[in-house]
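Colleague: One structure, pasted below without further comment.
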Amino acid sequence: MIDFTKLGSKSTQPPSTDPRSIFQTLPKLQPEKYQYPRDVQAEVWNQWHDRRNESDLVLKMNTGGGKTTVGLCILQSCLNEGEGPAVYVAPNDLLVRQVIAEARELGIKVTDDPKRREYMSGEAILVCNVYKIVNGRSVFGVNHKKIDIGSIIFDDAHACLNTINEQFSIKIPSNSDCYSGLFNLFSESIRQQSAAQHFSVSNGDPLASQKVPYWSWQQSIGDIHAILGRSQEEEFLVWPYPLLREHLLLCDCIVSSKEIEISTSIIPIDVIPSISQATRRIFMTATLSDDSILSSHFGVSSTELGRPITPSKAGDIGERMILAPQEINTELTEVDVRCMCRELSREQNVVVIAPSSKKAALWEEYADRILTSENIEEGIQELHSNPKAGLTVLVNRYDGIDLPGDACRVLVIDGMPVYKSLADRAAEIELSDSSLGHRDLIHKVEQGMGRGVRSNTDYCVVLLMGTDLISTLYLKHATNFFSPGTKAQLELSHKLTSELRKGNQTAQDILNTMDACLKRDQGWVSVALNELAGLTFGNQSTDPVIPTIREAYNLYFTVMDDSILKINNLDRIDGIDDAYRGYLKQIIGKYVNRLDPERAQKIQKSAIRINSKLLKPIQGVERKPSNRSAMDQAINTQKYLSSKYNNGNEIVLAVNSLVADLTFVELGSKKFEKALSDAGKLIGLMSQQPDTETSTGPDVFWYLGPEWGFVFECKSEATTTTISKGYCGQLGMHVNWHLTSHPMCNPPVPVMVHPASDIKDPTALPPDTKMFNSDSFEGFKTALHDYAAALAFGDKYLQASEIRPLLERFNFLPERFVKHYLRSLK
């Protein structure tokens, strides 16, 4: 064979650094596939090349815009310019293999071994998953550099962040000595925060958890290091402890019956200097509305976040018809939607993203396969190769999966994603009253919705399913968290839904509407494309909160005074609601505490005054007096509903979700209590959760001035057929709480919420106790459902005069509520 490379004359010109020129001259295996770059790729390459010497660059392209090719050519440009070694980081092994395959098709040299000479010499790009480089025993070095990185790209950066969070999180199992040592150290602090949670954690309640107060944590930092140090060779500490060892002061610690979790919301990425000291760092993301999380995890400045590289147009995301069948017809059940999906799967691939194994199990009789981490690769391969593979369920896979073309023509998002970590669950509770409380989950939903369209010529139907998901997405401000393209498609969905709701649409009618997309009706295609035409990314706004906290965090371990000056700026940020402002005040208190514990407690008191879900200060909390002037239930209802919802249909969706949470199940007590509290507000009663908010009093408290008060002891998770003496005693304590804290009010109505109705020792109950059991609860839930529909009809919820007769009709006035829905003791 002739060595043709010897025939060419040696060029005196240096290799090109223009990514587009590099793309054109690559020895591609499939030249017809990569004949020309897409317009969006060329635009991004040009912008990057002009700004390539900036240390941090955010590159935003729509899903399916050809990001992999863009990233590989950028890194090849860096190597050509001498800014190597170069690393391409993907979220998981599946995508690593896809990147390597695409690189070989393009003719770009890659390797998956950081110790290979080709990588170190800059001859090949290293392609690896994120946990190869970010872990407590990283081959790249922890706290000192072992392997150099010149230029690094994080592809699908938001998906990479999920893994980084896990790596920077210590999870200590309850059967370890380390768990016992930490629990004993903070037992009294936990008890002071919530005696109920302390009891539940101690007795193995799988849902109970409690955050350790930051002042107790910081005061005990020496003991914490001693306890962790004795167990540092245990498997649960070997990987994360080296990453967090020097940063424990600002960590959060949350205790549950299963484990103790130690984590941080700001990632000290400097512990892996190969990343933090790389000359060029490029973060490729999907077009989420806010990339500020790149600041908390990588230290990207607010300036760079506000200047992302983007194509000039944002409408190349592919065509999606987004429908929520249960919004179109509120009588449709989840079973109805599953049957619709099964019927659709006979003609095209239907993919369901379920947030948990428990939710996925509900699809078992309808699905051809349920994919978990064990069988994900062969399942995805089946979808790619077979356009009639049927119905496939993915368990908690909202990112890192590509399903182009016939691989997925119908995509179902089944319910809101669930938080896996204790820290995320704690933040969800703390921000439950804030408009920002669901922001991260909504971002995850958008990532999931992008799985089914992978280019601007692709199309699919997206079905949103589950009352929790639908009600959340239709809350005020929710659409502000979506990218421009998804936001436009959701607005088109609202118009389409409004038209469909004018008729009594059956499941078959909805299927017929979906055919307009699936069978390429030209009327639909034209409208769908026009909705995206001309969209731009516009000015990129970033949340000022996270970059501010990152700057304070960076200073905390070196110049604490300057850190506190910086963190105080959080209290000056405008345009946020009280619940979020209280949450930020708690962060300020955590930073201030080491230098000024007394001031930190004052800050914590001011925080909890506007957000009762936060940590209770050392001196406790004084309960706000009841609003005794709020006597008119109808006026209360009108004010509550009109401030929270845009229209009657949103009320129906929200109540459907609430009713779904009012279920006697072994798991889910916190959701039940929140739903019961919200139900009180829906019917015009003042409602609180004293045990959650102040660690004293009943699980739920309804009241209407001094005449009426209801104290609820909620045991929705109970599985026994009789009510124990201990539960009865707790209800008696709640009555005493009411008599002490509301001395000028009538005695309350004590209510035991329990699926059973038999009492082991009735004498232990306070006098006149009423039962709210399974039988009576079903009537109450039905009434709530019908009440919501009545409020929505003709926008009756806007007028107190229209609401008042509905309260009477559905027996929600206090005296009628007692007689109609509560039961006397057997």
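Residues are referred to by chain and number: the chain letter is A, B, ... according to the order shown in the structure tokens, the number counts from 1 in that chain, and ligands are numbered separately from 1 in the order shown.
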Run DSSP on the backbone of this structure and report the residues of stretch 628-798 of chain A it assigns to alpha helix (DSSP H), as a PyMOL selection string.
Modeller: chain A and resi 633-644+648-661+669-682+690-694+725-741+774-792
Colleague: Stretch 135-152 of chain A: which residues within 9 Å, counting only C-alpha atoms, same-chain residues fewer than 2 positions away excluded, as number ranges by chain?
Modeller: A: 75, 78-79, 82-89, 114-115, 120, 130-133, 154, 164, 167-168, 238-244, 270-275, 277-283
Colleague: Write out, as a tab-separated table, each residue of stretch 374-442 of chain A that has an atom at most 12 Å from stretch 514-534 of chain A, together with the closest pair of atoms and their distance in Å to one decimal, counting only C-alpha atoms, rows going by chain and rising number.
Modeller:
```
residue	atom	partner	partner_atom	distance
A:Gly405	CA	A:Leu518	CA	11.4
A:Asp406	CA	A:Leu518	CA	10.5
A:Cys408	CA	A:Leu518	CA	11.0
A:Arg409	CA	A:Leu518	CA	7.2
A:Val410	CA	A:Leu518	CA	8.5
A:Leu411	CA	A:Met514	CA	11.8
```
Colleague: Output the selection as a PDB file, in the first residue's frame - C-alpha atoms for each residue.
Modeller:
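Final file, part-v7.pdb:
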```
ATOM      1  CA  GLY A 405     -37.694  10.780  14.835  1.00  0.00           C
ATOM      2  CA  ASP A 406     -39.735   7.596  15.079  1.00  0.00           C
ATOM      3  CA  CYS A 408     -40.559   8.758  20.082  1.00  0.00           C
ATOM      4  CA  ARG A 409     -43.675  10.254  18.521  1.00  0.00           C
ATOM      5  CA  VAL A 410     -45.673  10.581  21.759  1.00  0.00           C
ATOM      6  CA  LEU A 411     -43.923  11.633  24.958  1.00  0.00           C
TER       7      LEU A 411
END
```
Colleague: Which residues of stretch 259-356 of chain A sit at most 9 Å from stretch 364-370 of chain A, using only C-alpha atoms? Give each one's shortest atom pair and distance in Å (one decimal place), in chain and ascending residue order, as CSV.
Modeller:
```
residue,atom,partner,partner_atom,distance
A:Arg338,CA,A:Tyr366,CA,7.1
A:Cys339,CA,A:Tyr366,CA,7.4
A:Cys341,CA,A:Tyr366,CA,8.3
A:Arg342,CA,A:Tyr366,CA,5.9
```
Colleague: In terms of the shortest atom-to-atom distance over only C-alpha atoms, which of A:Glu234, A:Asp205, A:Asp252, A:Asp156 is closest to A:Ser265?
Modeller: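 The closest residue to A:Ser265 is A:Asp252.
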Colleague: May I ask which of the residues A:Asn736, A:Gln218, A:Ser695, A:Ser209 is the closest one to A:Arg594, counting only C-alpha atoms?
Modeller: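 Comparing A:Asn736, A:Gln218, A:Ser695, A:Ser209 against A:Arg594, the winner is A:Gln218.
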Colleague: Would you kindly return, as a PyMOL selection string, each protein, DNA or RNA residue with an atom no farther than 7 Å from any atom of A:Pro484, considering only C-alpha atoms and excluding same-chain residues fewer than 2 positions away?
Modeller: chain A and resi 314+482+486-488+537
Colleague: Store the residues of this selection in a file with N, CA, C and O atoms, as a compact mmCIF listing (two decimals), in the first residue's frame.
Modeller:
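Result written to again-v8.txt:
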```
# COMPACT_ATOMS: atom_id res chain seq x y z
N ALA A 314 -34.37 31.38 18.09
CA ALA A 314 -34.62 30.39 19.15
C ALA A 314 -35.70 29.41 18.76
O ALA A 314 -36.13 28.61 19.59
N PHE A 482 -39.62 28.83 31.70
CA PHE A 482 -39.35 28.06 30.49
C PHE A 482 -38.54 28.88 29.48
O PHE A 482 -38.56 30.11 29.50
N THR A 486 -40.16 26.74 24.30
CA THR A 486 -41.14 25.97 25.06
C THR A 486 -42.28 26.86 25.54
O THR A 486 -43.45 26.46 25.53
N LYS A 487 -41.94 28.07 25.93
CA LYS A 487 -42.97 29.01 26.37
C LYS A 487 -43.96 29.29 25.24
O LYS A 487 -45.18 29.31 25.45
N ALA A 488 -43.45 29.49 24.03
CA ALA A 488 -44.33 29.74 22.88
C ALA A 488 -45.22 28.53 22.59
O ALA A 488 -46.41 28.68 22.30
N PHE A 537 -33.61 34.58 21.54
CA PHE A 537 -33.30 34.35 22.95
C PHE A 537 -33.42 35.63 23.77
O PHE A 537 -33.61 35.58 24.97
```
Colleague: Separation of atom CA of A:Gln193 and atom CA of A:Lys616, in Å?
Modeller: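 Those two atoms sit 6.1 Å apart.
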Colleague: As JSON, numbers by chain, please: every residue in stretch 70-250 of chain A that a backbone DSSP assignment puts in strand (DSSP E or B).
Modeller: {"A": [86, 87, 88, 89, 90, 110, 111, 125, 126, 127, 128, 129, 151, 152, 153, 154, 169, 170, 171, 172, 173, 209, 210, 211]}
Colleague: Kindly give the distance, in Å, that separates atom CA of A:Ser801 and atom CA of A:Ser643, rounded to a single decimal.
Modeller: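 These atoms are spaced 17.3 Å apart.
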Colleague: If we count only C-alpha atoms, what is near A:Pro404 at a cut-off of 10 Å, once residues fewer than 6 positions away on the same chain are taken out, given as number ranges by chain?
Modeller: A: 64, 383-384, 451-455, 457-460
Colleague: Using Å and a single decimal, report how far atom CA of A:Thr542 sits from atom CA of A:Leu584.
Modeller: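 Atom-to-atom, atom CA of A:Leu584 to atom CA of A:Thr542, that is 16.6 Å.
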Colleague: Find the residue from A:Leu682, A:Ala579, A:Leu250, A:Ile125 that sits nearest to A:Ile608; use only C-alpha atoms when measuring.
Modeller: A:Ala579
Colleague: Do you know which residues are at most 8 Å from A:Asn62 counting only C-alpha atoms, after dropping those on the same chain fewer than 6 positions away, and could you put them as a ChimeraX atom specification?
Modeller: /A:286-287,314,316-317
Colleague: Using only C-alpha atoms, pick whichever of A:Ala324, A:Met686, A:Ala423, A:Ala789 has the shortest atom-to-atom distance to A:Met465.
Modeller: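 Using only C-alpha atoms, A:Met465 sits closest to A:Ala324.
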